[in-house]
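J.: Have a look at this one before I ask anything.
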Amino acid sequence: MLIRKPSDVLPSEITPEPIWRERRAWLGKAGAGLAALGTAGLALPARAQADGLAALPAAPNSQYTVMDKQTSYDDITSYNNYYEFGLNKGDPAKYAKALKVRPWTISIEGEVNKPRTFDIDELLKLAPQEERVYRLRCVEGWSMVIPWIGYSLSALLKQVEPTGNAKFVQFVTAAQRDTMPGLRSGVLNWPYTEGLRLDEAMHPLALLTFGLYGKVLPNQNGAPVRVILPWKYGFKSAKSLVAIRLVEKMPVSSWMDAASNEYGFYANVNPDVPHPRWSQATERRIGDGLFSPKRKTLMFNGYEQVASLYQGMDLRANY
């Protein structure tokens, strides 16, 4: 008989209680995906060519590329947390096909001198697209390595000229009642919102993201535009953005509203600060195999260049 240690508990078994209880009511979810593509410039495999997604040319940025083995396209596009489409990992790939991604606009508003609404096609051309290979660490204890395509969020924020009162940035995501079955769930208050300090949002690592693996974002990965914050737990990287608000006071994010004792504003990856119900010291890399040894989690997910943003802060209190 195999005896499992607490450290061997699977992510699906450590999800917050309100969520796993609702998950039991959801049946038979399936994912769909594509085979892995290596670095930019290589031909997409036949399955990727057939998925109907447009190519998104991007120049590799070696400064923001980790050398870890990249997670396969299949895993990236079939193992997702996107509760607007359901609570199981395969739900987004199954249901997000219905997401309406055209027309699409993002309003930039609040404490800015030049508030503006951008069409998605304007955003695609606002700055040169880069491929950046980032680690993604989920708060549930698993991780991926993904070749994202986009450019620094700061390029967009500079367009609207934040005022001196702008201290924080709030992200507001889509809530399409007719395409998102998960909105009928009571897990979170919709629409999903997240937030950053302005200096975090202006850090060059913060990526306004339009694609992955050489193609535009699949719907289940946050099409048509999302933010990626590789030094924070994945839930901070809001998907399918419809508004960005610059505000003076710290915004309350969706997970803070749902469980403030478990999910704080900062959500920096920190192996020394456990979640109230499980350790964050190690992680399971998707694609390594269920019985492969877990990896040690790195402070800030290995992105030590952001450490200066938190100098002098108690990262246990500011979790």
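The way I read the labels, and the way they are meant: chains A, B, ... in the order of the structure tokens, residue 1 as the first residue of every chain, and ligand 1 as the first ligand shown, with later ones counted on from there.
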Find the residues of segment 92-161 of chain A that sit at most 12 Å from segment 280-286 of chain A; for each, write down the nearest two atoms and how far apart they are in Å, to one decimal. Count only C-alpha atoms. Sort by chain, then by number going up, and give it as CSV.
T.:
residue,atom,partner,partner_atom,distance
A:Arg135,CA,A:Arg285,CA,10.0
A:Leu136,CA,A:Arg285,CA,9.6
A:Arg137,CA,A:Glu283,CA,8.0
A:Cys138,CA,A:Glu283,CA,8.7
A:Val139,CA,A:Gln280,CA,7.7
A:Glu140,CA,A:Gln280,CA,8.5
A:Gly141,CA,A:Glu283,CA,4.8
A:Trp142,CA,A:Arg284,CA,4.5
A:Ser143,CA,A:Arg285,CA,4.7
A:Met144,CA,A:Ile286,CA,5.8
A:Val145,CA,A:Arg285,CA,8.5
A:Ile146,CA,A:Ile286,CA,11.1
J.: Quick one: residues within 9 Å of segment 287-304 of chain A, only C-alpha atoms, excluding same-chain residues fewer than 6 positions away - as number ranges by chain?
T.: A: 8, 71-72, 75, 135-137, 144, 205, 230-233, 268-272, 280-281
J.: Residues of segment 210-267 of chain A that have any atom at most 12 Å from an atom of segment 151-160 of chain A: could you tabulate them with the shortest-distance atom pair and the distance in Å to one decimal, using only C-alpha atoms, ordered by chain and increasing number, as JSON lines?
T.:
{"residue": "A:Phe210", "atom": "CA", "partner": "A:Tyr151", "partner_atom": "CA", "distance": 8.7}
{"residue": "A:Gly211", "atom": "CA", "partner": "A:Tyr151", "partner_atom": "CA", "distance": 10.6}
{"residue": "A:Val225", "atom": "CA", "partner": "A:Tyr151", "partner_atom": "CA", "distance": 11.2}
{"residue": "A:Arg226", "atom": "CA", "partner": "A:Leu153", "partner_atom": "CA", "distance": 10.0}
{"residue": "A:Val227", "atom": "CA", "partner": "A:Leu153", "partner_atom": "CA", "distance": 7.7}
{"residue": "A:Ile228", "atom": "CA", "partner": "A:Leu153", "partner_atom": "CA", "distance": 9.1}
{"residue": "A:Leu229", "atom": "CA", "partner": "A:Leu153", "partner_atom": "CA", "distance": 10.0}
{"residue": "A:Ser237", "atom": "CA", "partner": "A:Leu153", "partner_atom": "CA", "distance": 11.9}
{"residue": "A:Ile244", "atom": "CA", "partner": "A:Leu157", "partner_atom": "CA", "distance": 9.1}
{"residue": "A:Arg245", "atom": "CA", "partner": "A:Leu157", "partner_atom": "CA", "distance": 10.1}
{"residue": "A:Leu246", "atom": "CA", "partner": "A:Leu157", "partner_atom": "CA", "distance": 9.2}
J.: Could you write those residues out with N, CA, C and O atoms, as a short mmCIF file (atom, residue, chain, number, x, y, z; two decimals), in the first residue's frame?
T.:
data_model
loop_
_atom_site.label_atom_id
_atom_site.label_comp_id
_atom_site.auth_asym_id
_atom_site.auth_seq_id
_atom_site.Cartn_x
_atom_site.Cartn_y
_atom_site.Cartn_z
N PHE A 210 -0.29 39.15 -25.44
CA PHE A 210 -1.23 38.92 -26.54
C PHE A 210 -1.10 37.53 -27.15
O PHE A 210 -1.93 37.16 -27.99
N GLY A 211 -0.08 36.77 -26.78
CA GLY A 211 0.09 35.48 -27.42
C GLY A 211 1.00 34.56 -26.65
O GLY A 211 1.57 34.92 -25.61
N VAL A 225 -6.20 39.70 -24.58
CA VAL A 225 -5.08 40.40 -23.93
C VAL A 225 -5.18 40.19 -22.42
O VAL A 225 -6.27 40.23 -21.84
N ARG A 226 -4.05 39.94 -21.82
CA ARG A 226 -3.99 39.74 -20.38
C ARG A 226 -2.69 40.35 -19.86
O ARG A 226 -1.88 40.88 -20.63
N VAL A 227 -2.47 40.26 -18.58
CA VAL A 227 -1.20 40.68 -17.98
C VAL A 227 -0.52 39.46 -17.40
O VAL A 227 -1.18 38.54 -16.91
N ILE A 228 0.81 39.42 -17.48
CA ILE A 228 1.61 38.35 -16.90
C ILE A 228 2.61 38.97 -15.93
O ILE A 228 3.36 39.88 -16.30
N LEU A 229 2.62 38.47 -14.69
CA LEU A 229 3.48 38.98 -13.61
C LEU A 229 4.25 37.79 -13.06
O LEU A 229 3.81 37.16 -12.11
N SER A 237 -2.22 37.42 -12.42
CA SER A 237 -2.08 37.75 -13.84
C SER A 237 -3.45 37.70 -14.53
O SER A 237 -3.82 36.71 -15.15
N ILE A 244 -8.42 49.08 -17.27
CA ILE A 244 -7.29 49.28 -16.35
C ILE A 244 -7.52 50.63 -15.70
O ILE A 244 -7.63 51.66 -16.39
N ARG A 245 -7.62 50.64 -14.38
CA ARG A 245 -7.90 51.87 -13.64
C ARG A 245 -6.73 52.23 -12.76
O ARG A 245 -6.24 51.41 -11.98
N LEU A 246 -6.28 53.44 -12.85
CA LEU A 246 -5.24 53.94 -11.97
C LEU A 246 -5.92 54.67 -10.82
O LEU A 246 -6.74 55.58 -11.06
#
J.: Could you give me, as a ChimeraX atom specification, the residues within 6 Å of segment 172-176 of chain A, counting only C-alpha atoms and dropping anything in the same chain fewer than 4 positions from it?
T.: /A:180,191-193,240-243
J.: Write to file, as an mmCIF file, in the first residue's frame, the residues of the selection just made, with all heavy atoms.
T.:
data_model
loop_
_atom_site.group_PDB
_atom_site.id
_atom_site.type_symbol
_atom_site.label_atom_id
_atom_site.label_comp_id
_atom_site.auth_asym_id
_atom_site.auth_seq_id
_atom_site.Cartn_x
_atom_site.Cartn_y
_atom_site.Cartn_z
ATOM 1 N N MET A 180 -19.792 32.762 -20.676
ATOM 2 C CA MET A 180 -19.011 32.300 -19.533
ATOM 3 C C MET A 180 -19.906 31.571 -18.531
ATOM 4 O O MET A 180 -20.487 32.190 -17.627
ATOM 5 C CB MET A 180 -18.306 33.481 -18.854
ATOM 6 C CG MET A 180 -17.244 34.140 -19.700
ATOM 7 S SD MET A 180 -16.535 35.605 -18.879
ATOM 8 C CE MET A 180 -15.009 35.814 -19.811
ATOM 9 N N PRO A 191 -17.273 41.101 -12.053
ATOM 10 C CA PRO A 191 -16.139 40.563 -12.789
ATOM 11 C C PRO A 191 -14.911 40.383 -11.900
ATOM 12 O O PRO A 191 -14.790 41.011 -10.844
ATOM 13 C CB PRO A 191 -15.880 41.625 -13.861
ATOM 14 C CG PRO A 191 -16.294 42.905 -13.203
ATOM 15 C CD PRO A 191 -17.510 42.532 -12.384
ATOM 16 N N TYR A 192 -14.020 39.542 -12.373
ATOM 17 C CA TYR A 192 -12.758 39.291 -11.679
ATOM 18 C C TYR A 192 -11.898 40.545 -11.746
ATOM 19 O O TYR A 192 -11.770 41.169 -12.804
ATOM 20 C CB TYR A 192 -12.037 38.135 -12.356
ATOM 21 C CG TYR A 192 -10.814 37.621 -11.617
ATOM 22 C CD1 TYR A 192 -10.933 36.594 -10.688
ATOM 23 C CD2 TYR A 192 -9.550 38.140 -11.867
ATOM 24 C CE1 TYR A 192 -9.825 36.104 -10.023
ATOM 25 C CE2 TYR A 192 -8.433 37.658 -11.205
ATOM 26 C CZ TYR A 192 -8.573 36.636 -10.285
ATOM 27 O OH TYR A 192 -7.472 36.163 -9.617
ATOM 28 N N THR A 193 -11.318 40.916 -10.617
ATOM 29 C CA THR A 193 -10.435 42.084 -10.574
ATOM 30 C C THR A 193 -9.141 41.731 -9.850
ATOM 31 O O THR A 193 -9.108 40.838 -8.993
ATOM 32 C CB THR A 193 -11.104 43.268 -9.855
ATOM 33 O OG1 THR A 193 -11.383 42.902 -8.498
ATOM 34 C CG2 THR A 193 -12.379 43.693 -10.550
ATOM 35 N N SER A 240 -8.136 38.385 -20.073
ATOM 36 C CA SER A 240 -9.218 39.004 -20.857
ATOM 37 C C SER A 240 -9.591 40.379 -20.298
ATOM 38 O O SER A 240 -10.729 40.626 -19.874
ATOM 39 C CB SER A 240 -10.445 38.080 -20.897
ATOM 40 O OG SER A 240 -10.100 36.828 -21.451
ATOM 41 N N LEU A 241 -8.628 41.286 -20.319
ATOM 42 C CA LEU A 241 -8.806 42.598 -19.712
ATOM 43 C C LEU A 241 -9.762 43.475 -20.508
ATOM 44 O O LEU A 241 -9.705 43.525 -21.743
ATOM 45 C CB LEU A 241 -7.453 43.313 -19.617
ATOM 46 C CG LEU A 241 -6.378 42.647 -18.765
ATOM 47 C CD1 LEU A 241 -5.062 43.390 -18.908
ATOM 48 C CD2 LEU A 241 -6.806 42.587 -17.307
ATOM 49 N N VAL A 242 -10.621 44.195 -19.785
ATOM 50 C CA VAL A 242 -11.498 45.179 -20.435
ATOM 51 C C VAL A 242 -11.285 46.580 -19.889
ATOM 52 O O VAL A 242 -11.710 47.552 -20.524
ATOM 53 C CB VAL A 242 -12.982 44.786 -20.294
ATOM 54 C CG1 VAL A 242 -13.256 43.484 -21.033
ATOM 55 C CG2 VAL A 242 -13.408 44.689 -18.835
ATOM 56 N N ALA A 243 -10.650 46.706 -18.738
ATOM 57 C CA ALA A 243 -10.377 48.033 -18.177
ATOM 58 C C ALA A 243 -9.159 47.978 -17.275
ATOM 59 O O ALA A 243 -8.902 46.960 -16.618
ATOM 60 C CB ALA A 243 -11.582 48.563 -17.395
#
J.: Could you name the residues that touch Ile120 of chain A at 6 Å or less, counting only C-alpha atoms, but leaving out those on the same chain fewer than 3 positions away, as an MDAnalysis selection string?
T.: chainID A and resid 104:105 123
J.: Residues of segment 146-315 of chain A in alpha helix (DSSP H) according to DSSP, as a list of chain:residue names?
T.: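 Selecting the alpha helix (DSSP H) positions of segment 146-315 of chain A gives A:Leu153, A:Ser154, A:Ala155, A:Leu156, A:Leu157, A:Lys158, A:Gln159, A:Val160, A:Leu198, A:Asp199, A:Glu200, A:Ala201, A:Ser254, A:Trp255, A:Met256, A:Asp257, A:Ala258.
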J.: Could you take the residues named above and write them with N, CA and C atoms, as a compact mmCIF listing (two decimals), in the first residue's frame?
T.:
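What ended up in out_25.txt:
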# COMPACT_ATOMS: atom_id res chain seq x y z
N LEU A 153 4.03 46.29 -19.81
CA LEU A 153 2.81 47.03 -19.49
C LEU A 153 3.07 48.53 -19.40
N SER A 154 4.26 48.90 -18.99
CA SER A 154 4.60 50.32 -18.85
C SER A 154 4.43 51.08 -20.16
N ALA A 155 4.63 50.41 -21.30
CA ALA A 155 4.47 51.09 -22.59
C ALA A 155 3.05 51.61 -22.77
N LEU A 156 2.07 50.85 -22.28
CA LEU A 156 0.69 51.29 -22.35
C LEU A 156 0.39 52.37 -21.31
N LEU A 157 0.85 52.16 -20.09
CA LEU A 157 0.54 53.13 -19.02
C LEU A 157 1.14 54.50 -19.30
N LYS A 158 2.29 54.53 -19.94
CA LYS A 158 2.90 55.82 -20.27
C LYS A 158 2.06 56.61 -21.27
N GLN A 159 1.27 55.91 -22.08
CA GLN A 159 0.43 56.58 -23.07
C GLN A 159 -0.62 57.48 -22.42
N VAL A 160 -1.06 57.11 -21.22
CA VAL A 160 -2.16 57.85 -20.58
C VAL A 160 -1.67 58.81 -19.51
N LEU A 198 1.60 50.93 -8.45
CA LEU A 198 2.00 51.49 -9.74
C LEU A 198 3.44 51.14 -10.09
N ASP A 199 4.33 51.14 -9.07
CA ASP A 199 5.73 50.81 -9.40
C ASP A 199 5.88 49.36 -9.82
N GLU A 200 5.05 48.46 -9.30
CA GLU A 200 5.06 47.08 -9.77
C GLU A 200 4.61 47.00 -11.22
N ALA A 201 3.53 47.72 -11.52
CA ALA A 201 2.99 47.70 -12.88
C ALA A 201 3.98 48.30 -13.89
N SER A 254 -10.35 40.28 -6.31
CA SER A 254 -11.40 39.27 -6.14
C SER A 254 -11.06 38.25 -5.07
N TRP A 255 -9.81 37.77 -5.06
CA TRP A 255 -9.45 36.77 -4.06
C TRP A 255 -9.30 37.35 -2.67
N MET A 256 -8.90 38.63 -2.57
CA MET A 256 -8.90 39.27 -1.26
C MET A 256 -10.33 39.36 -0.73
N ASP A 257 -11.26 39.67 -1.61
CA ASP A 257 -12.66 39.78 -1.21
C ASP A 257 -13.21 38.43 -0.78
N ALA A 258 -12.78 37.37 -1.47
CA ALA A 258 -13.31 36.03 -1.19
C ALA A 258 -12.69 35.40 0.04
J.: Please determine, counting only C-alpha atoms, which residue among A:Ala96, A:Ile108, A:Ile149, A:Val187 has the shortest atom-to-atom distance to Gly214 of chain A.
T.: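 Among the listed residues, the smallest separation from Gly214 of chain A belongs to A:Ile149.
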